[in-house]
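See below for start.txt, which holds compact mmCIF, C-alpha atoms.
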```txt
# COMPACT_ATOMS: atom_id res chain seq x y z
CA MET A 1 -85.50 18.80 30.55
CA LYS A 2 -86.26 17.99 34.14
CA GLY A 3 -83.36 16.71 36.21
CA ARG A 4 -80.65 18.18 34.01
CA SER A 5 -78.14 20.56 35.47
CA GLU A 6 -77.72 24.01 33.95
CA ALA A 7 -74.09 23.16 33.12
CA ALA A 8 -75.17 20.04 31.23
CA MET A 9 -77.73 22.04 29.23
CA LYS A 10 -75.04 24.51 28.17
CA HIS A 11 -73.23 21.66 26.41
CA ASP A 12 -76.26 20.01 24.80
CA PRO A 13 -77.11 21.83 21.56
CA PHE A 14 -80.54 20.22 21.32
CA GLU A 15 -81.38 21.35 24.86
CA ALA A 16 -80.26 24.87 23.92
CA ALA A 17 -82.55 24.72 20.86
CA PHE A 18 -85.48 23.50 22.96
CA ALA A 19 -84.85 26.21 25.57
CA ALA A 20 -84.88 28.82 22.79
CA ALA A 21 -88.15 27.34 21.47
CA ARG A 22 -89.72 27.56 24.94
CA ARG A 23 -88.64 31.22 25.23
CA ALA A 24 -90.15 31.92 21.80
CA ALA A 25 -93.45 30.37 22.89
CA GLN A 26 -93.48 32.54 26.02
CA GLN A 27 -93.28 35.56 23.72
CA GLY A 28 -96.18 34.31 21.59
CA GLU A 29 -93.93 33.09 18.79
CA THR A 30 -94.19 29.68 17.16
CA PRO A 31 -91.99 27.51 19.40
CA VAL A 32 -89.08 26.73 17.14
CA GLY A 33 -85.51 26.94 18.39
CA ALA A 34 -82.10 26.47 16.86
CA ALA A 35 -78.56 26.13 18.17
CA ILE A 36 -75.22 26.00 16.38
CA ALA A 37 -72.26 24.10 17.79
CA ARG A 38 -68.64 23.87 16.74
CA SER A 39 -66.12 21.49 18.29
CA GLY A 40 -68.65 20.57 20.96
CA LYS A 41 -69.26 24.18 22.03
CA ILE A 42 -72.54 26.01 21.50
CA ILE A 43 -71.73 29.26 19.73
CA ALA A 44 -75.26 30.53 19.03
CA ALA A 45 -78.88 29.80 19.85
CA ALA A 46 -82.13 31.53 18.93
CA GLY A 47 -85.87 31.09 18.83
CA ASN A 48 -88.38 32.39 16.31
CA ARG A 49 -88.91 36.16 16.44
CA THR A 50 -90.99 36.84 13.33
CA ILE A 51 -93.77 38.56 15.28
CA SER A 52 -91.68 40.51 17.78
CA ASP A 53 -89.21 41.66 15.11
CA ARG A 54 -91.97 42.14 12.52
CA ASP A 55 -89.65 40.28 10.17
CA PRO A 56 -90.73 37.25 8.12
CA THR A 57 -87.08 36.14 7.91
CA ALA A 58 -86.59 36.02 11.70
CA HIS A 59 -86.80 32.24 11.85
CA ALA A 60 -84.77 30.52 14.57
CA GLU A 61 -82.32 29.04 12.06
CA ILE A 62 -81.64 32.38 10.35
CA LEU A 63 -81.12 34.18 13.66
CA ALA A 64 -78.79 31.44 14.94
CA ILE A 65 -76.80 31.53 11.68
CA ARG A 66 -76.45 35.32 11.90
CA ALA A 67 -75.28 35.11 15.53
CA ALA A 68 -72.81 32.31 14.78
CA CYS A 69 -71.37 34.21 11.80
CA ALA A 70 -70.91 37.28 14.00
CA GLU A 71 -69.30 35.16 16.74
CA LEU A 72 -66.85 33.55 14.31
CA GLY A 73 -66.32 36.63 12.15
CA SER A 74 -67.10 34.70 8.97
CA GLU A 75 -69.98 34.23 6.55
CA ARG A 76 -69.13 30.51 6.43
CA LEU A 77 -69.89 28.13 9.27
CA ILE A 78 -67.59 25.34 8.18
CA ASP A 79 -67.29 22.56 10.77
CA CYS A 80 -70.47 23.82 12.48
CA ASP A 81 -73.58 21.78 13.17
CA LEU A 82 -77.13 23.14 13.39
CA TYR A 83 -79.70 21.67 15.78
CA VAL A 84 -83.29 22.76 15.22
CA THR A 85 -86.60 21.66 16.71
CA LEU A 86 -88.52 21.66 13.39
CA GLU A 87 -87.62 20.69 9.84
CA PRO A 88 -86.32 23.85 8.12
CA CYS A 89 -88.34 25.66 5.47
CA ALA A 90 -86.96 26.50 2.01
CA MET A 91 -85.65 29.90 3.13
CA CYS A 92 -83.77 28.39 6.07
CA ALA A 93 -82.49 25.48 3.96
CA GLY A 94 -81.03 28.03 1.54
CA ALA A 95 -79.31 29.87 4.38
CA ILE A 96 -77.97 26.57 5.77
CA SER A 97 -76.54 25.74 2.36
CA PHE A 98 -74.93 29.15 1.82
CA ALA A 99 -73.47 29.14 5.35
CA ARG A 100 -71.90 25.74 4.59
CA ILE A 101 -73.29 24.12 7.75
CA ARG A 102 -71.65 20.69 8.12
CA ARG A 103 -74.54 18.76 9.70
CA LEU A 104 -78.22 19.49 10.25
CA TYR A 105 -80.03 17.75 13.08
CA PHE A 106 -83.77 18.40 13.37
CA SER A 107 -86.57 17.11 15.54
CA ALA A 108 -90.12 17.27 14.16
CA SER A 109 -90.90 16.83 10.50
CA ASP A 110 -92.96 19.56 8.83
CA PRO A 111 -94.97 18.06 5.95
CA LYS A 112 -96.65 21.43 5.29
CA GLY A 113 -93.71 23.86 5.41
CA GLY A 114 -90.57 21.77 5.57
CA ALA A 115 -88.14 21.71 2.65
CA VAL A 116 -85.60 19.09 3.69
CA GLU A 117 -87.55 15.83 3.71
CA HIS A 118 -90.78 17.39 2.41
CA GLY A 119 -91.78 19.93 -0.22
CA ALA A 120 -88.84 21.21 -2.24
CA ARG A 121 -86.32 18.77 -0.70
CA PHE A 122 -83.86 21.62 -1.08
CA PHE A 123 -80.63 19.71 -0.45
CA SER A 124 -81.50 17.11 -3.12
CA GLN A 125 -81.72 19.69 -5.91
CA ALA A 126 -78.95 19.96 -8.50
CA THR A 127 -78.87 23.72 -7.92
CA CYS A 128 -78.03 23.34 -4.23
CA HIS A 129 -74.55 24.75 -3.59
CA HIS A 130 -73.83 22.75 -0.45
CA ALA A 131 -75.80 19.97 1.19
CA PRO A 132 -75.14 19.22 4.85
CA GLU A 133 -75.41 15.75 6.32
CA VAL A 134 -79.02 15.55 7.54
CA TYR A 135 -80.37 13.69 10.55
CA GLY A 136 -84.09 14.09 11.16
CA GLY A 137 -86.57 12.84 13.73
CA LEU A 138 -84.33 13.34 16.78
CA ARG A 139 -86.43 14.14 19.86
CA GLU A 140 -89.34 14.38 17.45
CA SER A 141 -92.08 13.58 19.97
CA GLN A 142 -90.86 16.29 22.35
CA ALA A 143 -90.86 18.93 19.59
CA ALA A 144 -94.20 17.80 18.17
CA GLN A 145 -95.79 17.94 21.63
CA MET A 146 -94.47 21.48 22.20
CA LEU A 147 -95.94 22.63 18.88
CA ARG A 148 -99.27 20.86 19.48
CA GLU A 149 -99.67 22.39 22.94
CA PHE A 150 -98.78 25.86 21.64
CA PHE A 151 -101.35 25.79 18.84
CA GLN A 152 -104.06 24.12 20.96
CA ALA A 153 -103.74 26.94 23.50
CA ARG A 154 -104.21 29.51 20.73
CA ARG A 155 -107.44 27.96 19.39
```

Same coordinates, now as structure tokens:
Amino acid sequence: MKGRSEAAMKHDPFEAAFAAARRAAQQGETPVGAAIARSGKIIAAAGNRTISDRDPTAHAEILAIRAACAELGSERLIDCDLYVTLEPCAMCAGAISFARIRRLYFSASDPKGGAVEHGARFFSQATCHHAPEVYGGLRESQAAQMLREFFQARR
């Protein structure tokens, strides 16, 4: 965001997620970014890398979860919150559940591929092992604009 100091951005998980999304877009990836915070400190951030890694599982959320698990030395991210610029898909929702993420904050809804408020509504299923608290629509217009501009430039 314009006018924000670099120090302030290091403490704002959503800004870290948006910065990761912008970096992904610069690499030709769909501009989705994710950041994980614990006790007010950002411990991991990542943007989509499915094309560059040639890996369909290299979504921002999955990469951030992997990095946070490595940072904490645990497969569980208890007391951690995930900030992501787009509603997670079913694969990412499953990873969020298995990692035991405490809270999920996301920006833009994804009626076509999302699985939190759309589609499978993963966390509402009886088979879901752990459902985080979910807060959607935060900074939605900013994320939606980034996605629109990315795909318009590619057409």

Between CA of Glu29 in chain A and CA of Tyr105 in chain A, what distance in Å does the model show, to one decimal? 21.5 Å

Which of these, A:Ala131, A:Ala64, A:Leu82, A:Val116, has the shortest distance to Ser97 in chain A once you count all atoms listed in the file?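 So, comparing all the options, the nearest one is A:Ala131.
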
Separation of CA of Arg76 in chain A and CA of Asp55 in chain A, in Å? 23.0 Å

Using all atoms listed in the file, the shortest atom-to-atom distance to Leu138 in chain A among A:Ala126, A:Leu104, A:Ala95, A:Leu63 belongs to A:Leu104

Which neighbours of range 17-26 of chain A fall inside 8 Å, counting all atoms listed in the file, when residues of the same chain fewer than 5 positions from it are skipped, and could you give them as a list of chain:residue names?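 The filter keeps A:Pro31, A:Val32, A:Gly33, A:Ala34, A:Ala35, A:Ala45, A:Ala46, A:Gly47, A:Asn48, A:Arg49, A:Tyr83, A:Val84, A:Thr85, A:Ala143, A:Phe150.
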
Find the residues around range 68-75 of chain A up to 8 Å (all atoms listed in the file counted), leave out those fewer than 4 positions away in its own chain, and share them as a list in words.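 Using all atoms listed in the file, the neighbours found are Ile36, Ile43, Ala44, Ala64 and Ala99 of chain A.
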
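Using all atoms listed in the file, the smallest distance between any of A:Ile101, A:Ala58, A:Ala16, A:Leu147 and Thr30 in chain A comes from A:Leu147.
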
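Closest to Asp53 in chain A among A:Gln152, A:Arg38, A:Gln27, A:Arg139 is A:Gln27, based on only C-alpha atoms.
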
Using all atoms listed in the file, which residues sit within 9 Å of Gly40 in chain A once same-chain residues fewer than 5 positions away are excluded, as a ChimeraX atom specification? /A:11-13

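The shortest atom-to-atom distance to Arg154 in chain A, with only C-alpha atoms taken into account, belongs to A:Gly28 out of A:Phe14, A:Phe98, A:Glu117, A:Gly28.
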
8 Å per side around range 17-33 of chain A: axis-aligned box centre and edge lengths, as lines of an AutoDock Vina configuration file:
```
center_x = -89.4
center_y = 29.5
center_z = 21.6
size_x = 29.6
size_y = 28.1
size_z = 24.9
```
